[in-house]
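To keep things clear, I will list the structure first and then write my remarks on it.
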Amino acid sequence: MISTQPIRGILLCAAALLLFAALDTTTKVLTAHFEAPVIVAARFIGNLLLMLVVMAPRGGREMVRTTRTVLVWLRGCCLACASVLMALALTRMPVGEATAIMFLAPTLVALGGGLLLGEEVGLRGWGAVLLGLAGVVLIARPGGGLDVVGVMLALGAAMLNGTYQLMSRTLAATEKTFALLFYSAAVGSLVFGAVAPFYWAGRMPTLLEGALLASLGLWGGVGHYLFTAAFRHAPASTLAPITYLQVLWATVLGWIVFRHVPDPVAIIGMLTIGSAGMLIVLKRRRRTPPATV
């Protein structure tokens, strides 16, 4: 049930997006010392432990009970693979630009919804797809100084994240939120917990590095909790435009931590991708009838 406190919902959403940007910024800091699979393993294992401590007493059996188990696990694999591709992208490009490319995901979801779920894409939907791709071209233009491989990795992460979101929409009709959150963390923990030892350099992390590794699960876990709580206070149509605040947070943190400022053309590219997402939001608002009281 949605309360009548949209301002609280917006503030919770903004705080969650700041934590997500902190997660990516911390990941980029750690890529200078650890391989991407090790970082992603720390993130998911930390998230899983936090979930077991905080949510298990409330969720109980609902955390492990699923109806479409295979699809739930595939969804978790998509998130895990998107996370490692994003970590690899962050080894090669700034946080703000990588985050902006990741925000192609809502546009790709609209396209995927039309191709796979039979939803109407429409003129605005196709316009959003073209606008989003134009934004990526502006960010990754020749001579812009960005690593092409990094851009391709970020695009791969966006595609997998879009697939993850499509699966989330499909599964929302049959699965409990507790179960979806639990299996997202569990699949990533199993996959990269098994892979990480092969990428471990053999040295123990310093106290600071250990704290940063531990913080990954905190940023992600608390961020997802706040993000979910935001939707209890404000409708999705209100919060959807706010999600692009993450690009701003990522750019600000990139400047604070790495002293990187995107050039004017890259900023135009970021705004173009944001405009593509706004087209999708407007399309959904027109299609969704207003709630009756």
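Convention: chains lettered A, B, ... in structure tokens order; per-chain residue numbering from 1; ligands numbered from 1 as shown.
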When DSSP works through the backbone of this structure, what residues of stretch 164-290 of chain A end up as alpha helix (DSSP H), shown as a ChimeraX atom specification? /A:164-171,177-195,207-233,236-239,245-258,264-287
Quick one: everything within 12 Å of A:Ile256, counting only C-alpha atoms, minus sequence neighbours fewer than 4 positions away in the same chain. Send it as a ChimeraX atom specification. /A:22,25,95-96,249-252,260-261
Using only C-alpha atoms, can you tell me which of A:Thr170, A:Thr27, A:Ser189, A:Thr99 comes closest to A:Ala41?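 Nearest to A:Ala41: A:Ser189.
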Can you pull out the residues contacting stretch 227-235 of chain A? Cut-off 10 Å, using only C-alpha atoms, and skip same-chain residues under 2 positions away; I want them as a ChimeraX atom specification. /A:1-17,19-20,177,221-225,237-240,243
A:Leu123, A:Met86, A:Ile101, A:Leu207: which is nearest A:Leu138, counting only C-alpha atoms?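 The answer is A:Ile101, which sits nearest to A:Leu138.
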Set the distance at 6 Å and use only C-alpha atoms: which residues neighbour stretch 153-160 of chain A once local chain neighbours fewer than 5 positions away are removed? I'd like the list as a ChimeraX atom specification. /A:78,82,85-86,89,98,102,105
Across A:Ala21, A:Leu52, A:Ala100, A:Val38, the smallest distance to A:Val191, with only C-alpha atoms counted, is shown by A:Val38
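In this structure, atom CA of A:Val149 sits 26.4 Å away from atom CA of A:Gly127.
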Polymer residues at most 10 Å from A:Arg65, only C-alpha atoms, same-chain spacing of 2 or more positions, as an mmCIF file with N, CA and C atoms, in the first residue's frame:
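So result.cif came out as:
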```
data_model
loop_
_atom_site.group_PDB
_atom_site.id
_atom_site.type_symbol
_atom_site.label_atom_id
_atom_site.label_comp_id
_atom_site.auth_asym_id
_atom_site.auth_seq_id
_atom_site.Cartn_x
_atom_site.Cartn_y
_atom_site.Cartn_z
ATOM 1 N N GLY A 60 11.469 -15.705 6.713
ATOM 2 C CA GLY A 60 11.263 -17.127 6.972
ATOM 3 C C GLY A 60 11.343 -17.960 5.707
ATOM 4 N N ARG A 61 10.400 -18.864 5.557
ATOM 5 C CA ARG A 61 10.391 -19.749 4.392
ATOM 6 C C ARG A 61 10.077 -19.015 3.095
ATOM 7 N N GLU A 62 9.487 -17.835 3.206
ATOM 8 C CA GLU A 62 9.169 -17.069 2.006
ATOM 9 C C GLU A 62 10.432 -16.697 1.233
ATOM 10 N N MET A 63 11.578 -16.673 1.908
ATOM 11 C CA MET A 63 12.827 -16.309 1.248
ATOM 12 C C MET A 63 13.307 -17.383 0.278
ATOM 13 N N THR A 67 8.177 -20.348 -7.307
ATOM 14 C CA THR A 67 7.267 -21.045 -8.212
ATOM 15 C C THR A 67 7.975 -21.403 -9.515
ATOM 16 N N ARG A 68 8.683 -20.423 -10.088
ATOM 17 C CA ARG A 68 9.433 -20.654 -11.333
ATOM 18 C C ARG A 68 10.926 -20.594 -11.008
ATOM 19 N N THR A 69 11.409 -21.660 -10.431
ATOM 20 C CA THR A 69 12.760 -21.687 -9.865
ATOM 21 C C THR A 69 13.838 -21.431 -10.912
ATOM 22 N N GLU A 175 6.223 -14.539 -7.749
ATOM 23 C CA GLU A 175 7.241 -14.725 -6.715
ATOM 24 C C GLU A 175 7.169 -13.628 -5.656
ATOM 25 N N LYS A 176 7.557 -13.972 -4.432
ATOM 26 C CA LYS A 176 7.622 -13.010 -3.336
ATOM 27 C C LYS A 176 8.883 -12.150 -3.459
ATOM 28 N N PHE A 178 10.812 -11.098 -1.072
ATOM 29 C CA PHE A 178 11.869 -11.671 -0.238
ATOM 30 C C PHE A 178 12.660 -12.720 -1.015
ATOM 31 N N ALA A 179 11.948 -13.589 -1.740
ATOM 32 C CA ALA A 179 12.608 -14.671 -2.473
ATOM 33 C C ALA A 179 13.471 -14.123 -3.601
ATOM 34 N N LEU A 180 12.970 -13.128 -4.321
ATOM 35 C CA LEU A 180 13.737 -12.556 -5.428
ATOM 36 C C LEU A 180 15.011 -11.884 -4.919
#
```
Please indicate the distance in Å from atom CA of A:Pro205 to atom CA of A:Tyr183, rounded to one decimal place. 28.0 Å
Work out how far apart atom CA of A:Thr163 and atom CA of A:Leu50 are and give it in Å to one decimal. 25.6 Å
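Nearest to A:Ser83 of all the residues A:Leu216, A:Ala32, A:Ile139, A:Ala173 is A:Leu216, counting only C-alpha atoms.
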Just want the 12 Å neighbourhood of A:Ala194, counted on only C-alpha atoms, with same-chain residues fewer than 3 positions away dropped. Output as a list in words. Pro37, Val38, Val40, Ala41, Ala42, Ile45, Val187, Gly188, Ser189, Leu190, Val191, Pro197, Phe198, Tyr199 and Trp200 of chain A
Saved selection, atoms kept: N, CA and C atoms, as a short mmCIF file (atom, residue, chain, number, x, y, z; two decimals), in the first residue's frame:
```cif
data_model
loop_
_atom_site.label_atom_id
_atom_site.label_comp_id
_atom_site.auth_asym_id
_atom_site.auth_seq_id
_atom_site.Cartn_x
_atom_site.Cartn_y
_atom_site.Cartn_z
N PRO A 37 36.27 -10.41 -10.29
CA PRO A 37 35.49 -11.47 -9.65
C PRO A 37 35.60 -11.47 -8.12
N VAL A 38 36.76 -11.09 -7.60
CA VAL A 38 36.94 -11.02 -6.14
C VAL A 38 36.06 -9.91 -5.55
N VAL A 40 33.32 -8.58 -6.89
CA VAL A 40 31.90 -8.93 -7.03
C VAL A 40 31.50 -9.99 -6.01
N ALA A 41 32.41 -10.95 -5.75
CA ALA A 41 32.13 -11.96 -4.72
C ALA A 41 31.94 -11.31 -3.36
N ALA A 42 32.81 -10.35 -3.01
CA ALA A 42 32.69 -9.66 -1.73
C ALA A 42 31.36 -8.92 -1.64
N ILE A 45 28.43 -11.72 -1.33
CA ILE A 45 28.50 -12.44 -0.06
C ILE A 45 28.13 -11.51 1.10
N VAL A 187 22.71 -16.41 -5.68
CA VAL A 187 23.31 -16.84 -6.95
C VAL A 187 24.66 -16.17 -7.16
N GLY A 188 24.71 -14.84 -6.94
CA GLY A 188 25.98 -14.13 -7.08
C GLY A 188 27.03 -14.64 -6.11
N SER A 189 26.62 -14.97 -4.89
CA SER A 189 27.56 -15.49 -3.89
C SER A 189 28.10 -16.85 -4.30
N LEU A 190 27.23 -17.72 -4.80
CA LEU A 190 27.66 -19.06 -5.22
C LEU A 190 28.59 -19.01 -6.43
N VAL A 191 28.19 -18.24 -7.44
CA VAL A 191 28.97 -18.19 -8.68
C VAL A 191 30.34 -17.58 -8.43
N PRO A 197 38.48 -17.53 -5.75
CA PRO A 197 39.79 -18.05 -5.34
C PRO A 197 40.80 -18.16 -6.48
N PHE A 198 40.32 -18.35 -7.69
CA PHE A 198 41.23 -18.46 -8.84
C PHE A 198 41.80 -17.11 -9.26
N TYR A 199 41.20 -16.03 -8.76
CA TYR A 199 41.67 -14.68 -9.09
C TYR A 199 42.29 -13.98 -7.88
N TRP A 200 42.39 -14.71 -6.77
CA TRP A 200 42.96 -14.11 -5.56
C TRP A 200 44.47 -14.00 -5.70
#
```
